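Trainee: File name coords-v9.tsv; file contents TSV, C-alpha atoms; full text below.
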```
chain	number	residue	atom	x	y	z
A	1	MET	CA	0.00	0.00	0.00
A	2	LYS	CA	2.75	2.39	0.95
A	3	LYS	CA	4.38	1.65	-2.36
A	4	THR	CA	1.21	2.63	-4.21
A	5	ILE	CA	1.03	5.92	-2.36
A	6	LEU	CA	4.71	6.47	-3.03
A	7	ALA	CA	4.22	5.74	-6.69
A	8	LEU	CA	1.31	8.14	-6.77
A	9	LEU	CA	3.36	10.81	-5.06
A	10	LEU	CA	6.24	10.27	-7.45
A	11	ILE	CA	4.04	10.51	-10.50
A	12	PHE	CA	2.30	13.42	-8.91
A	13	GLY	CA	5.61	15.09	-8.17
A	14	PHE	CA	6.30	14.96	-11.88
A	15	ALA	CA	2.86	16.32	-12.61
A	16	THR	CA	3.25	19.32	-10.34
A	17	THR	CA	6.61	20.07	-11.92
A	18	VAL	CA	4.89	20.27	-15.25
A	19	PHE	CA	2.33	22.62	-13.73
A	20	ALA	CA	5.07	24.76	-12.25
A	21	ASP	CA	6.76	25.07	-15.61
A	22	GLU	CA	3.53	25.97	-17.21
A	23	HIS	CA	2.97	28.82	-14.82
A	24	ALA	CA	6.53	30.00	-15.07
A	25	VAL	CA	5.92	31.32	-18.58
A	26	SER	CA	6.94	34.94	-18.55
A	27	GLU	CA	4.16	37.26	-19.59
A	28	GLY	CA	5.06	39.32	-22.58
A	29	VAL	CA	4.12	40.81	-25.90
A	30	VAL	CA	6.39	40.69	-28.92
A	31	VAL	CA	5.70	43.36	-31.54
A	32	GLN	CA	7.02	42.76	-35.05
A	33	ALA	CA	8.48	45.81	-36.79
A	34	ASN	CA	9.51	44.98	-40.35
A	35	GLY	CA	7.51	47.62	-42.17
A	36	LYS	CA	8.45	49.30	-45.41
A	37	ASP	CA	9.27	52.79	-44.10
A	38	ALA	CA	9.88	55.05	-41.10
A	39	ALA	CA	6.15	55.66	-40.67
A	40	ASP	CA	5.56	51.90	-40.18
A	41	PHE	CA	8.47	51.78	-37.73
A	42	LYS	CA	7.11	54.70	-35.70
A	43	ARG	CA	3.64	53.14	-35.68
A	44	ALA	CA	5.03	49.90	-34.21
A	45	LEU	CA	6.94	51.72	-31.46
A	46	ILE	CA	4.01	53.96	-30.56
A	47	LEU	CA	1.68	50.95	-30.49
A	48	ALA	CA	4.02	49.09	-28.13
A	49	SER	CA	4.28	52.18	-25.94
A	50	ASN	CA	0.50	52.63	-25.76
A	51	MET	CA	-0.12	48.93	-25.11
A	52	HIS	CA	2.50	48.94	-22.37
A	53	GLU	CA	0.63	51.77	-20.63
A	54	VAL	CA	-2.38	49.45	-20.31
A	55	LEU	CA	-0.68	46.06	-19.89
A	56	THR	CA	1.67	47.32	-17.20
A	57	LYS	CA	2.73	43.88	-15.98
A	58	ALA	CA	3.69	42.47	-19.36
A	59	LYS	CA	7.17	42.69	-20.81
A	60	PHE	CA	7.33	44.31	-24.23
A	61	GLU	CA	9.79	43.76	-27.02
A	62	VAL	CA	9.78	45.37	-30.45
A	63	VAL	CA	11.67	43.17	-32.89
A	64	VAL	CA	12.98	45.16	-35.84
A	65	TYR	CA	14.00	43.22	-38.91
A	66	GLY	CA	14.44	43.83	-42.63
A	67	PRO	CA	15.67	47.17	-44.03
A	68	SER	CA	14.05	48.99	-41.06
A	69	VAL	CA	17.07	48.11	-38.91
A	70	LYS	CA	18.74	51.16	-40.53
A	71	LEU	CA	16.37	53.26	-38.39
A	72	LEU	CA	18.10	51.94	-35.26
A	73	THR	CA	21.49	53.54	-35.94
A	74	ALA	CA	22.95	56.20	-33.65
A	75	PHE	CA	22.32	58.95	-36.24
A	76	SER	CA	18.77	57.89	-37.10
A	77	ASN	CA	15.99	60.50	-36.93
A	78	GLU	CA	14.12	57.98	-34.79
A	79	VAL	CA	16.56	58.06	-31.85
A	80	PRO	CA	14.35	60.38	-29.74
A	81	LEU	CA	11.35	58.03	-30.12
A	82	ILE	CA	13.55	54.97	-29.51
A	83	GLN	CA	14.88	56.49	-26.29
A	84	LYS	CA	11.42	57.52	-25.08
A	85	VAL	CA	10.11	53.99	-25.62
A	86	GLN	CA	13.18	52.39	-24.03
A	87	GLY	CA	12.71	54.72	-21.05
A	88	GLU	CA	9.28	53.16	-20.52
A	89	GLY	CA	10.89	49.73	-20.15
A	90	ILE	CA	10.30	48.44	-23.66
A	91	LYS	CA	13.16	46.52	-25.22
A	92	ILE	CA	14.10	47.44	-28.79
A	93	ILE	CA	15.66	44.47	-30.55
A	94	ALA	CA	17.57	44.44	-33.83
A	95	CYS	CA	17.87	41.38	-36.06
A	96	GLY	CA	21.56	40.51	-36.47
A	97	ARG	CA	21.02	39.05	-39.94
A	98	SER	CA	19.25	42.19	-41.13
A	99	LEU	CA	22.06	44.37	-39.76
A	100	LYS	CA	24.55	42.32	-41.77
A	101	SER	CA	22.42	42.68	-44.93
A	102	GLU	CA	22.47	46.45	-44.40
A	103	HIS	CA	26.25	46.42	-43.79
A	104	LEU	CA	25.77	47.58	-40.20
A	105	ASN	CA	27.11	46.23	-36.95
A	106	ASP	CA	26.42	46.62	-33.23
A	107	SER	CA	28.71	49.64	-32.92
A	108	ASN	CA	26.52	51.62	-35.35
A	109	LEU	CA	23.42	51.31	-33.22
A	110	ALA	CA	21.74	53.78	-30.85
A	111	PRO	CA	22.38	53.01	-27.16
A	112	ASP	CA	20.73	50.03	-25.46
A	113	ILE	CA	19.52	48.31	-28.61
A	114	THR	CA	19.66	44.56	-28.05
A	115	VAL	CA	20.91	42.50	-30.99
A	116	VAL	CA	19.61	38.94	-31.47
A	117	PRO	CA	21.08	36.61	-34.09
A	118	PHE	CA	17.79	36.26	-35.99
A	119	GLY	CA	14.73	38.45	-35.38
A	120	ALA	CA	12.04	36.14	-36.77
A	121	VAL	CA	13.43	33.20	-34.80
A	122	HIS	CA	13.34	35.36	-31.69
A	123	ILE	CA	9.67	36.10	-32.39
A	124	VAL	CA	8.68	32.43	-32.63
A	125	ASN	CA	10.77	31.56	-29.57
A	126	ARG	CA	8.91	34.18	-27.55
A	127	GLN	CA	5.63	32.67	-28.70
A	128	LYS	CA	6.87	29.26	-27.54
A	129	GLN	CA	7.50	30.82	-24.13
A	130	GLY	CA	3.88	31.94	-23.98
A	131	TRP	CA	4.25	35.51	-25.17
A	132	GLN	CA	1.63	37.08	-27.38
A	133	TYR	CA	2.51	38.16	-30.90
A	134	ILE	CA	1.25	41.11	-32.84
A	135	LYS	CA	2.21	42.41	-36.25
A	136	PRO	CA	0.81	45.98	-36.33
B	1	MET	CA	-2.64	7.08	6.03
B	2	LYS	CA	-5.97	8.82	5.70
B	3	LYS	CA	-4.16	12.11	6.01
B	4	THR	CA	-1.88	11.19	3.14
B	5	ILE	CA	-4.85	10.34	0.96
B	6	LEU	CA	-6.52	13.56	2.04
B	7	ALA	CA	-3.41	15.53	1.21
B	8	LEU	CA	-3.24	13.83	-2.17
B	9	LEU	CA	-6.87	14.61	-2.80
B	10	LEU	CA	-6.40	18.22	-1.79
B	11	ILE	CA	-3.39	18.69	-4.02
B	12	PHE	CA	-5.20	16.81	-6.70
B	13	GLY	CA	-8.25	19.00	-6.26
B	14	PHE	CA	-6.02	21.95	-7.05
B	15	ALA	CA	-4.57	20.13	-10.01
B	16	THR	CA	-7.95	19.35	-11.52
B	17	THR	CA	-8.96	22.97	-11.07
B	18	VAL	CA	-6.00	23.93	-13.17
B	19	PHE	CA	-7.08	21.37	-15.74
B	20	ALA	CA	-10.59	22.71	-15.68
B	21	ASP	CA	-9.35	26.23	-16.31
B	22	GLU	CA	-7.19	25.00	-19.08
B	23	HIS	CA	-10.13	23.41	-20.81
B	24	ALA	CA	-12.37	26.35	-20.12
B	25	VAL	CA	-10.48	28.44	-22.68
B	26	SER	CA	-13.09	29.58	-25.12
B	27	GLU	CA	-12.34	28.55	-28.64
B	28	GLY	CA	-12.05	31.51	-30.92
B	29	VAL	CA	-10.31	33.26	-33.75
B	30	VAL	CA	-9.40	36.93	-33.64
B	31	VAL	CA	-8.93	38.55	-37.05
B	32	GLN	CA	-6.97	41.80	-37.19
B	33	ALA	CA	-8.35	44.44	-39.56
B	34	ASN	CA	-6.06	47.46	-39.68
B	35	GLY	CA	-5.46	47.61	-43.40
B	36	LYS	CA	-4.81	50.70	-45.46
B	37	ASP	CA	-8.10	50.88	-47.38
B	38	ALA	CA	-11.66	49.61	-47.83
B	39	ALA	CA	-10.44	46.68	-49.94
B	40	ASP	CA	-8.27	45.44	-47.05
B	41	PHE	CA	-11.20	45.87	-44.68
B	42	LYS	CA	-13.55	43.88	-46.94
B	43	ARG	CA	-10.96	41.15	-47.35
B	44	ALA	CA	-10.70	40.75	-43.57
B	45	LEU	CA	-14.47	40.52	-43.11
B	46	ILE	CA	-14.91	38.08	-45.99
B	47	LEU	CA	-12.05	35.94	-44.69
B	48	ALA	CA	-13.66	35.81	-41.22
B	49	SER	CA	-16.99	34.93	-42.79
B	50	ASN	CA	-15.51	32.12	-44.90
B	51	MET	CA	-13.47	30.73	-42.01
B	52	HIS	CA	-16.52	30.78	-39.77
B	53	GLU	CA	-18.37	28.62	-42.32
B	54	VAL	CA	-15.75	25.93	-41.80
B	55	LEU	CA	-14.87	26.41	-38.12
B	56	THR	CA	-18.49	26.47	-37.03
B	57	LYS	CA	-17.81	25.97	-33.33
B	58	ALA	CA	-15.27	28.76	-32.94
B	59	LYS	CA	-16.19	32.29	-31.96
B	60	PHE	CA	-15.00	34.93	-34.40
B	61	GLU	CA	-14.10	38.53	-33.77
B	62	VAL	CA	-12.82	41.05	-36.31
B	63	VAL	CA	-10.89	43.77	-34.50
B	64	VAL	CA	-10.78	46.98	-36.53
B	65	TYR	CA	-8.16	49.53	-35.59
B	66	GLY	CA	-6.36	52.45	-37.19
B	67	PRO	CA	-8.01	54.72	-39.78
B	68	SER	CA	-10.19	51.78	-40.94
B	69	VAL	CA	-12.56	52.41	-38.02
B	70	LYS	CA	-14.11	55.10	-40.26
B	71	LEU	CA	-15.55	52.24	-42.29
B	72	LEU	CA	-17.64	51.20	-39.28
B	73	THR	CA	-19.81	54.33	-39.17
B	74	ALA	CA	-23.56	54.20	-39.78
B	75	PHE	CA	-23.17	55.85	-43.20
B	76	SER	CA	-20.26	53.73	-44.39
B	77	ASN	CA	-20.52	51.94	-47.74
B	78	GLU	CA	-19.52	48.80	-45.87
B	79	VAL	CA	-22.66	48.61	-43.73
B	80	PRO	CA	-24.29	45.88	-45.87
B	81	LEU	CA	-21.20	43.65	-45.56
B	82	ILE	CA	-20.88	44.43	-41.84
B	83	GLN	CA	-24.50	43.42	-41.27
B	84	LYS	CA	-24.18	40.24	-43.32
B	85	VAL	CA	-21.13	39.17	-41.32
B	86	GLN	CA	-22.73	40.11	-38.00
B	87	GLY	CA	-25.78	38.08	-39.02
B	88	GLU	CA	-23.52	35.02	-39.23
B	89	GLY	CA	-22.56	35.46	-35.58
B	90	ILE	CA	-19.24	37.25	-36.09
B	91	LYS	CA	-18.53	40.11	-33.73
B	92	ILE	CA	-17.22	43.33	-35.28
B	93	ILE	CA	-15.11	45.26	-32.79
B	94	ALA	CA	-13.93	48.86	-33.03
B	95	CYS	CA	-10.85	50.17	-31.23
B	96	GLY	CA	-11.89	53.01	-28.92
B	97	ARG	CA	-8.54	54.77	-29.24
B	98	SER	CA	-8.73	54.70	-33.03
B	99	LEU	CA	-12.27	56.11	-32.93
B	100	LYS	CA	-11.00	58.99	-30.81
B	101	SER	CA	-8.13	59.62	-33.27
B	102	GLU	CA	-10.71	59.79	-36.06
B	103	HIS	CA	-12.94	62.13	-34.02
B	104	LEU	CA	-15.66	59.51	-33.88
B	105	ASN	CA	-17.63	58.10	-30.98
B	106	ASP	CA	-19.92	55.14	-30.31
B	107	SER	CA	-23.01	57.01	-31.51
B	108	ASN	CA	-21.52	57.34	-35.00
B	109	LEU	CA	-21.21	53.59	-35.49
B	110	ALA	CA	-23.35	51.12	-37.41
B	111	PRO	CA	-25.60	48.99	-35.17
B	112	ASP	CA	-24.15	46.23	-32.98
B	113	ILE	CA	-20.52	47.25	-33.32
B	114	THR	CA	-18.74	46.47	-30.05
B	115	VAL	CA	-16.27	49.09	-28.85
B	116	VAL	CA	-13.23	48.00	-26.80
B	117	PRO	CA	-10.90	50.53	-25.16
B	118	PHE	CA	-7.86	49.38	-27.15
B	119	GLY	CA	-8.04	47.05	-30.16
B	120	ALA	CA	-4.46	45.72	-30.10
B	121	VAL	CA	-4.69	45.02	-26.37
B	122	HIS	CA	-7.92	43.12	-27.02
B	123	ILE	CA	-6.08	41.03	-29.64
B	124	VAL	CA	-3.30	39.98	-27.27
B	125	ASN	CA	-5.78	39.34	-24.47
B	126	ARG	CA	-7.71	36.96	-26.72
B	127	GLN	CA	-4.46	35.15	-27.51
B	128	LYS	CA	-3.82	34.82	-23.78
B	129	GLN	CA	-7.25	33.19	-23.51
B	130	GLY	CA	-6.23	30.61	-26.08
B	131	TRP	CA	-7.74	32.16	-29.19
B	132	GLN	CA	-5.94	31.96	-32.50
B	133	TYR	CA	-4.72	35.11	-34.21
B	134	ILE	CA	-4.58	35.91	-37.86
B	135	LYS	CA	-3.62	39.07	-39.67
B	136	PRO	CA	-4.96	38.57	-43.21
C	1	MET	CA	-9.38	2.34	1.09
C	2	LYS	CA	-8.49	0.37	-2.01
C	3	LYS	CA	-11.39	2.06	-3.74
C	4	THR	CA	-10.05	5.49	-2.86
C	5	ILE	CA	-6.68	4.60	-4.30
C	6	LEU	CA	-8.37	3.17	-7.34
C	7	ALA	CA	-10.40	6.33	-7.76
C	8	LEU	CA	-7.27	8.42	-7.44
C	9	LEU	CA	-5.50	6.27	-9.99
C	10	LEU	CA	-8.43	6.52	-12.35
C	11	ILE	CA	-8.62	10.29	-12.07
C	12	PHE	CA	-4.88	10.44	-12.29
C	13	GLY	CA	-4.91	8.22	-15.33
C	14	PHE	CA	-7.11	10.81	-16.95
C	15	ALA	CA	-4.78	13.56	-15.82
C	16	THR	CA	-1.69	11.93	-17.29
C	17	THR	CA	-3.53	11.43	-20.55
C	18	VAL	CA	-4.08	15.15	-20.67
C	19	PHE	CA	-0.38	15.69	-20.01
C	20	ALA	CA	0.54	13.24	-22.69
C	21	ASP	CA	-1.64	15.06	-25.20
C	22	GLU	CA	-0.14	18.32	-24.17
C	23	HIS	CA	3.35	17.11	-24.84
C	24	ALA	CA	2.34	15.49	-28.07
C	25	VAL	CA	1.97	18.88	-29.75
C	26	SER	CA	4.18	18.77	-32.77
C	27	GLU	CA	6.72	21.54	-32.83
C	28	GLY	CA	6.33	23.70	-35.87
C	29	VAL	CA	6.29	27.10	-37.46
C	30	VAL	CA	3.62	28.17	-39.93
C	31	VAL	CA	4.65	31.02	-42.23
C	32	GLN	CA	1.87	32.97	-43.93
C	33	ALA	CA	2.54	33.92	-47.56
C	34	ASN	CA	-0.28	36.06	-48.92
C	35	GLY	CA	1.74	39.03	-50.09
C	36	LYS	CA	0.94	41.28	-53.00
C	37	ASP	CA	3.70	40.21	-55.41
C	38	ALA	CA	6.48	37.77	-56.26
C	39	ALA	CA	8.95	39.69	-54.09
C	40	ASP	CA	6.75	39.14	-51.01
C	41	PHE	CA	6.42	35.47	-51.92
C	42	LYS	CA	10.18	35.03	-52.28
C	43	ARG	CA	10.77	36.83	-49.00
C	44	ALA	CA	8.44	34.42	-47.19
C	45	LEU	CA	10.13	31.34	-48.65
C	46	ILE	CA	13.63	32.63	-47.94
C	47	LEU	CA	12.63	33.55	-44.39
C	48	ALA	CA	11.26	30.04	-43.80
C	49	SER	CA	14.43	28.55	-45.27
C	50	ASN	CA	16.71	30.68	-43.07
C	51	MET	CA	14.64	30.03	-39.93
C	52	HIS	CA	14.68	26.30	-40.63
C	53	GLU	CA	18.49	26.40	-40.72
C	54	VAL	CA	18.44	27.60	-37.11
C	55	LEU	CA	15.35	25.81	-35.75
C	56	THR	CA	16.42	22.45	-37.14
C	57	LYS	CA	13.97	20.39	-35.08
C	58	ALA	CA	10.83	22.36	-35.96
C	59	LYS	CA	8.59	21.49	-38.86
C	60	PHE	CA	8.03	24.35	-41.29
C	61	GLU	CA	5.08	25.07	-43.50
C	62	VAL	CA	4.62	28.03	-45.83
C	63	VAL	CA	0.91	28.58	-46.43
C	64	VAL	CA	0.30	30.44	-49.67
C	65	TYR	CA	-3.08	32.04	-50.13
C	66	GLY	CA	-4.65	34.82	-52.17
C	67	PRO	CA	-3.49	35.67	-55.71
C	68	SER	CA	0.05	34.48	-54.82
C	69	VAL	CA	-1.04	30.88	-55.42
C	70	LYS	CA	-0.40	31.60	-59.12
C	71	LEU	CA	3.30	31.56	-58.24
C	72	LEU	CA	2.99	27.87	-57.34
C	73	THR	CA	2.17	26.63	-60.84
C	74	ALA	CA	4.46	24.31	-62.75
C	75	PHE	CA	5.52	27.09	-65.12
C	76	SER	CA	6.10	29.74	-62.46
C	77	ASN	CA	9.42	31.57	-62.36
C	78	GLU	CA	9.56	30.62	-58.70
C	79	VAL	CA	9.84	26.87	-59.27
C	80	PRO	CA	13.62	26.77	-58.63
C	81	LEU	CA	13.19	28.52	-55.25
C	82	ILE	CA	10.18	26.34	-54.39
C	83	GLN	CA	12.18	23.19	-55.11
C	84	LYS	CA	15.21	24.39	-53.15
C	85	VAL	CA	13.03	25.12	-50.12
C	86	GLN	CA	11.14	21.84	-50.44
C	87	GLY	CA	14.49	20.04	-50.64
C	88	GLU	CA	15.29	21.41	-47.20
C	89	GLY	CA	12.20	19.72	-45.77
C	90	ILE	CA	9.86	22.72	-45.79
C	91	LYS	CA	6.31	22.02	-46.90
C	92	ILE	CA	4.79	24.45	-49.39
C	93	ILE	CA	1.02	24.54	-49.03
C	94	ALA	CA	-1.51	26.05	-51.43
C	95	CYS	CA	-4.96	27.24	-50.36
C	96	GLY	CA	-7.60	25.30	-52.29
C	97	ARG	CA	-10.06	28.20	-52.22
C	98	SER	CA	-7.47	30.60	-53.62
C	99	LEU	CA	-6.62	28.14	-56.40
C	100	LYS	CA	-10.30	28.03	-57.33
C	101	SER	CA	-10.49	31.85	-57.35
C	102	GLU	CA	-7.54	31.88	-59.73
C	103	HIS	CA	-9.12	29.18	-61.93
C	104	LEU	CA	-6.32	26.77	-61.10
C	105	ASN	CA	-6.39	23.20	-59.88
C	106	ASP	CA	-3.97	20.68	-58.37
C	107	SER	CA	-2.77	19.49	-61.77
C	108	ASN	CA	-1.45	22.99	-62.57
C	109	LEU	CA	0.90	23.05	-59.59
C	110	ALA	CA	4.63	22.45	-59.33
C	111	PRO	CA	5.55	19.02	-57.91
C	112	ASP	CA	5.03	18.22	-54.22
C	113	ILE	CA	2.86	21.24	-53.42
C	114	THR	CA	0.32	20.21	-50.77
C	115	VAL	CA	-3.20	21.56	-51.24
C	116	VAL	CA	-5.37	22.25	-48.18
C	117	PRO	CA	-9.05	23.16	-48.51
C	118	PHE	CA	-8.60	26.57	-46.84
C	119	GLY	CA	-5.21	28.16	-46.12
C	120	ALA	CA	-6.24	30.53	-43.31
C	121	VAL	CA	-8.12	27.75	-41.53
C	122	HIS	CA	-4.99	25.60	-41.80
C	123	ILE	CA	-2.99	28.41	-40.18
C	124	VAL	CA	-5.29	28.70	-37.15
C	125	ASN	CA	-5.48	24.91	-36.82
C	126	ARG	CA	-1.69	24.72	-36.67
C	127	GLN	CA	-1.71	27.38	-33.94
C	128	LYS	CA	-4.24	25.27	-32.02
C	129	GLN	CA	-1.78	22.39	-32.27
C	130	GLY	CA	0.89	24.52	-30.63
C	131	TRP	CA	2.72	25.73	-33.71
C	132	GLN	CA	4.09	29.24	-33.87
C	133	TYR	CA	2.75	31.69	-36.43
C	134	ILE	CA	4.57	34.37	-38.31
C	135	LYS	CA	3.41	36.70	-41.03
C	136	PRO	CA	6.63	38.07	-42.57
```
Show me the file's structure as structure tokens.
Mentor:
Amino acid sequence: MKKTILALLLIFGFATTVFADEHAVSEGVVVQANGKDAADFKRALILASNMHEVLTKAKFEVVVYGPSVKLLTAFSNEVPLIQKVQGEGIKIIACGRSLKSEHLNDSNLAPDITVVPFGAVHIVNRQKQGWQYIKP
Amino acid sequence: MKKTILALLLIFGFATTVFADEHAVSEGVVVQANGKDAADFKRALILASNMHEVLTKAKFEVVVYGPSVKLLTAFSNEVPLIQKVQGEGIKIIACGRSLKSEHLNDSNLAPDITVVPFGAVHIVNRQKQGWQYIKP
Amino acid sequence: MKKTILALLLIFGFATTVFADEHAVSEGVVVQANGKDAADFKRALILASNMHEVLTKAKFEVVVYGPSVKLLTAFSNEVPLIQKVQGEGIKIIACGRSLKSEHLNDSNLAPDITVVPFGAVHIVNRQKQGWQYIKP
């Protein structure tokens, strides 16, 4: 009898671990920013900023990929907006592959931009972790 | 021994509650409609309508945000399509923030349009509830 | 007492079944390709190909719907790219409804294109199965 209980507890121990994992998913929203121009880029950042005002507990990341990564350089006209949004706790992420395609590297970027190896892969990985995805 | 069983039952009671919650997620599809023109708007509504024909058990919501909310007014050319789609049980939702940006309010809208405070936030909240997301 | 244990085991048996199901979700990424031109189509296929290089264990499907299904015909200029991507293990899927709209049928398609009845429904079904979704 004791063995049965023990077995149950063991199996159950495993079960609760699964539960724990499930609830450990970090809450977050990943916003895709791969638009065709600066207006699309601004729209994505402003959307993230406005959403963050409402969803105060969620982490926010804006993943910039494609030619738009040029807008993340230190001399970009968008630096003031980037810094405002970063100041609110939103992470601005540049796709490493897109930077390479645009002949840019980390040292060309505005301060505090995070570089990931591959923006679209980062987006699906966040979804796997339970984040929500929006393409504005 | 009884205590052990009781403890197991208690823990298990919690576990099944979690299960119950998990299965209580309402099945639904949230369609994003923030296109650049009336053609994009129509395409989103027709897509939702066609999908709903196949996925008969799922709830459907079309979330309209951005300048497209103008197409939801009582005098919009799109009212016939809106009413057809609503008649099929699909909910048409307007973003309250976008209405404000377009100097519109609830009283300007076609009948039975639901207004949410923030369309994009509604979209990620639906995803959190287990709904599927599509941007046509 | 034995009955209690039995009951627990029975309930638990149900619980573990749920777990098993949960972990049976196939890992995959569904890429939506309903762009406006051949450049959008190519971009979607190349993105899937590049992501697949990194996420080697995930299944990849590119779901083509809308007028872009014309690019999947046997005489399309895109056949070399389609075949390269298919050779990497990525499934190229055509929307049956879109084919019909374009007055095309299965026999017009390049080899090994899978046809599903409704592309957008396929996309939300994959999400339900735990796949990640990206619209490039």
Trainee: Considering all atoms listed in the file, return as JSON, numbers by chain whatever protein or nucleic-acid residues lie within 10 Å of range 108-118 of chain A, sequence-local ones (same chain, fewer than 2 positions apart) excluded.
Mentor: {"A": [61, 63, 64, 65, 69, 70, 71, 72, 73, 74, 75, 76, 78, 79, 80, 82, 83, 86, 91, 92, 93, 94, 95, 96, 97, 98, 99, 103, 104, 105, 106, 120, 121, 122, 123], "C": [50, 51, 54]}
Trainee: Those residues you just picked out, can you put them in a file as a PDB file, in the frame of the given file with C-alpha atoms?
Mentor:
```
ATOM      1  CA  GLU A  61       9.790  43.760 -27.020  1.00  0.00           C
ATOM      2  CA  VAL A  63      11.670  43.170 -32.890  1.00  0.00           C
ATOM      3  CA  VAL A  64      12.980  45.160 -35.840  1.00  0.00           C
ATOM      4  CA  TYR A  65      14.000  43.220 -38.910  1.00  0.00           C
ATOM      5  CA  VAL A  69      17.070  48.110 -38.910  1.00  0.00           C
ATOM      6  CA  LYS A  70      18.740  51.160 -40.530  1.00  0.00           C
ATOM      7  CA  LEU A  71      16.370  53.260 -38.390  1.00  0.00           C
ATOM      8  CA  LEU A  72      18.100  51.940 -35.260  1.00  0.00           C
ATOM      9  CA  THR A  73      21.490  53.540 -35.940  1.00  0.00           C
ATOM     10  CA  ALA A  74      22.950  56.200 -33.650  1.00  0.00           C
ATOM     11  CA  PHE A  75      22.320  58.950 -36.240  1.00  0.00           C
ATOM     12  CA  SER A  76      18.770  57.890 -37.100  1.00  0.00           C
ATOM     13  CA  GLU A  78      14.120  57.980 -34.790  1.00  0.00           C
ATOM     14  CA  VAL A  79      16.560  58.060 -31.850  1.00  0.00           C
ATOM     15  CA  PRO A  80      14.350  60.380 -29.740  1.00  0.00           C
ATOM     16  CA  ILE A  82      13.550  54.970 -29.510  1.00  0.00           C
ATOM     17  CA  GLN A  83      14.880  56.490 -26.290  1.00  0.00           C
ATOM     18  CA  GLN A  86      13.180  52.390 -24.030  1.00  0.00           C
ATOM     19  CA  LYS A  91      13.160  46.520 -25.220  1.00  0.00           C
ATOM     20  CA  ILE A  92      14.100  47.440 -28.790  1.00  0.00           C
ATOM     21  CA  ILE A  93      15.660  44.470 -30.550  1.00  0.00           C
ATOM     22  CA  ALA A  94      17.570  44.440 -33.830  1.00  0.00           C
ATOM     23  CA  CYS A  95      17.870  41.380 -36.060  1.00  0.00           C
ATOM     24  CA  GLY A  96      21.560  40.510 -36.470  1.00  0.00           C
ATOM     25  CA  ARG A  97      21.020  39.050 -39.940  1.00  0.00           C
ATOM     26  CA  SER A  98      19.250  42.190 -41.130  1.00  0.00           C
ATOM     27  CA  LEU A  99      22.060  44.370 -39.760  1.00  0.00           C
ATOM     28  CA  HIS A 103      26.250  46.420 -43.790  1.00  0.00           C
ATOM     29  CA  LEU A 104      25.770  47.580 -40.200  1.00  0.00           C
ATOM     30  CA  ASN A 105      27.110  46.230 -36.950  1.00  0.00           C
ATOM     31  CA  ASP A 106      26.420  46.620 -33.230  1.00  0.00           C
ATOM     32  CA  ALA A 120      12.040  36.140 -36.770  1.00  0.00           C
ATOM     33  CA  VAL A 121      13.430  33.200 -34.800  1.00  0.00           C
ATOM     34  CA  HIS A 122      13.340  35.360 -31.690  1.00  0.00           C
ATOM     35  CA  ILE A 123       9.670  36.100 -32.390  1.00  0.00           C
TER      36      ILE A 123
ATOM     37  CA  ASN C  50      16.710  30.680 -43.070  1.00  0.00           C
ATOM     38  CA  MET C  51      14.640  30.030 -39.930  1.00  0.00           C
ATOM     39  CA  VAL C  54      18.440  27.600 -37.110  1.00  0.00           C
TER      40      VAL C  54
END
```
Trainee: Define the interface residues of chain C facing chain A as those within 8 Å, counting all atoms listed in the file, and report them as an MDAnalysis selection string.
Mentor: chainID C and resid 9 16 29 51 54:55 132:136
Trainee: Around (5.6, 45.5, -16.9) in the file's own coordinates, what residues are found within 10 Å if you use only C-alpha atoms, given back as an NGL selection string?
Mentor: :A and (27-28 or 52-60 or 88-90)
Trainee: Restrict the selected residues to C-alpha atoms and save them as a compact mmCIF listing (two decimals), keeping the file's coordinate frame.
Mentor:
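The resulting file, part_36.txt, is reproduced below:
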```txt
# COMPACT_ATOMS: atom_id res chain seq x y z
CA GLU A 27 4.16 37.26 -19.59
CA GLY A 28 5.06 39.32 -22.58
CA HIS A 52 2.50 48.94 -22.37
CA GLU A 53 0.63 51.77 -20.63
CA VAL A 54 -2.38 49.45 -20.31
CA LEU A 55 -0.68 46.06 -19.89
CA THR A 56 1.67 47.32 -17.20
CA LYS A 57 2.73 43.88 -15.98
CA ALA A 58 3.69 42.47 -19.36
CA LYS A 59 7.17 42.69 -20.81
CA PHE A 60 7.33 44.31 -24.23
CA GLU A 88 9.28 53.16 -20.52
CA GLY A 89 10.89 49.73 -20.15
CA ILE A 90 10.30 48.44 -23.66
```
Trainee: Have a look at CA of Asn77 in chain C and CA of Ser101 in chain C and let me know their distance in Å, one decimal.
Mentor: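 So the answer is 20.5 Å.
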Trainee: May I ask for the distance between CA of Phe41 in chain A and CA of Gly87 in chain A, given in Å to one decimal place?
Mentor: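 CA of Gly87 in chain A lies at a distance of 17.5 Å from CA of Phe41 in chain A.
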Trainee: Give me, please, the distance in Å between CA of Val85 in chain B and CA of Lys100 in chain C, quoted to one decimal.
Mentor: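 Result for CA of Val85 in chain B versus CA of Lys100 in chain C: 22.3 Å, one decimal.
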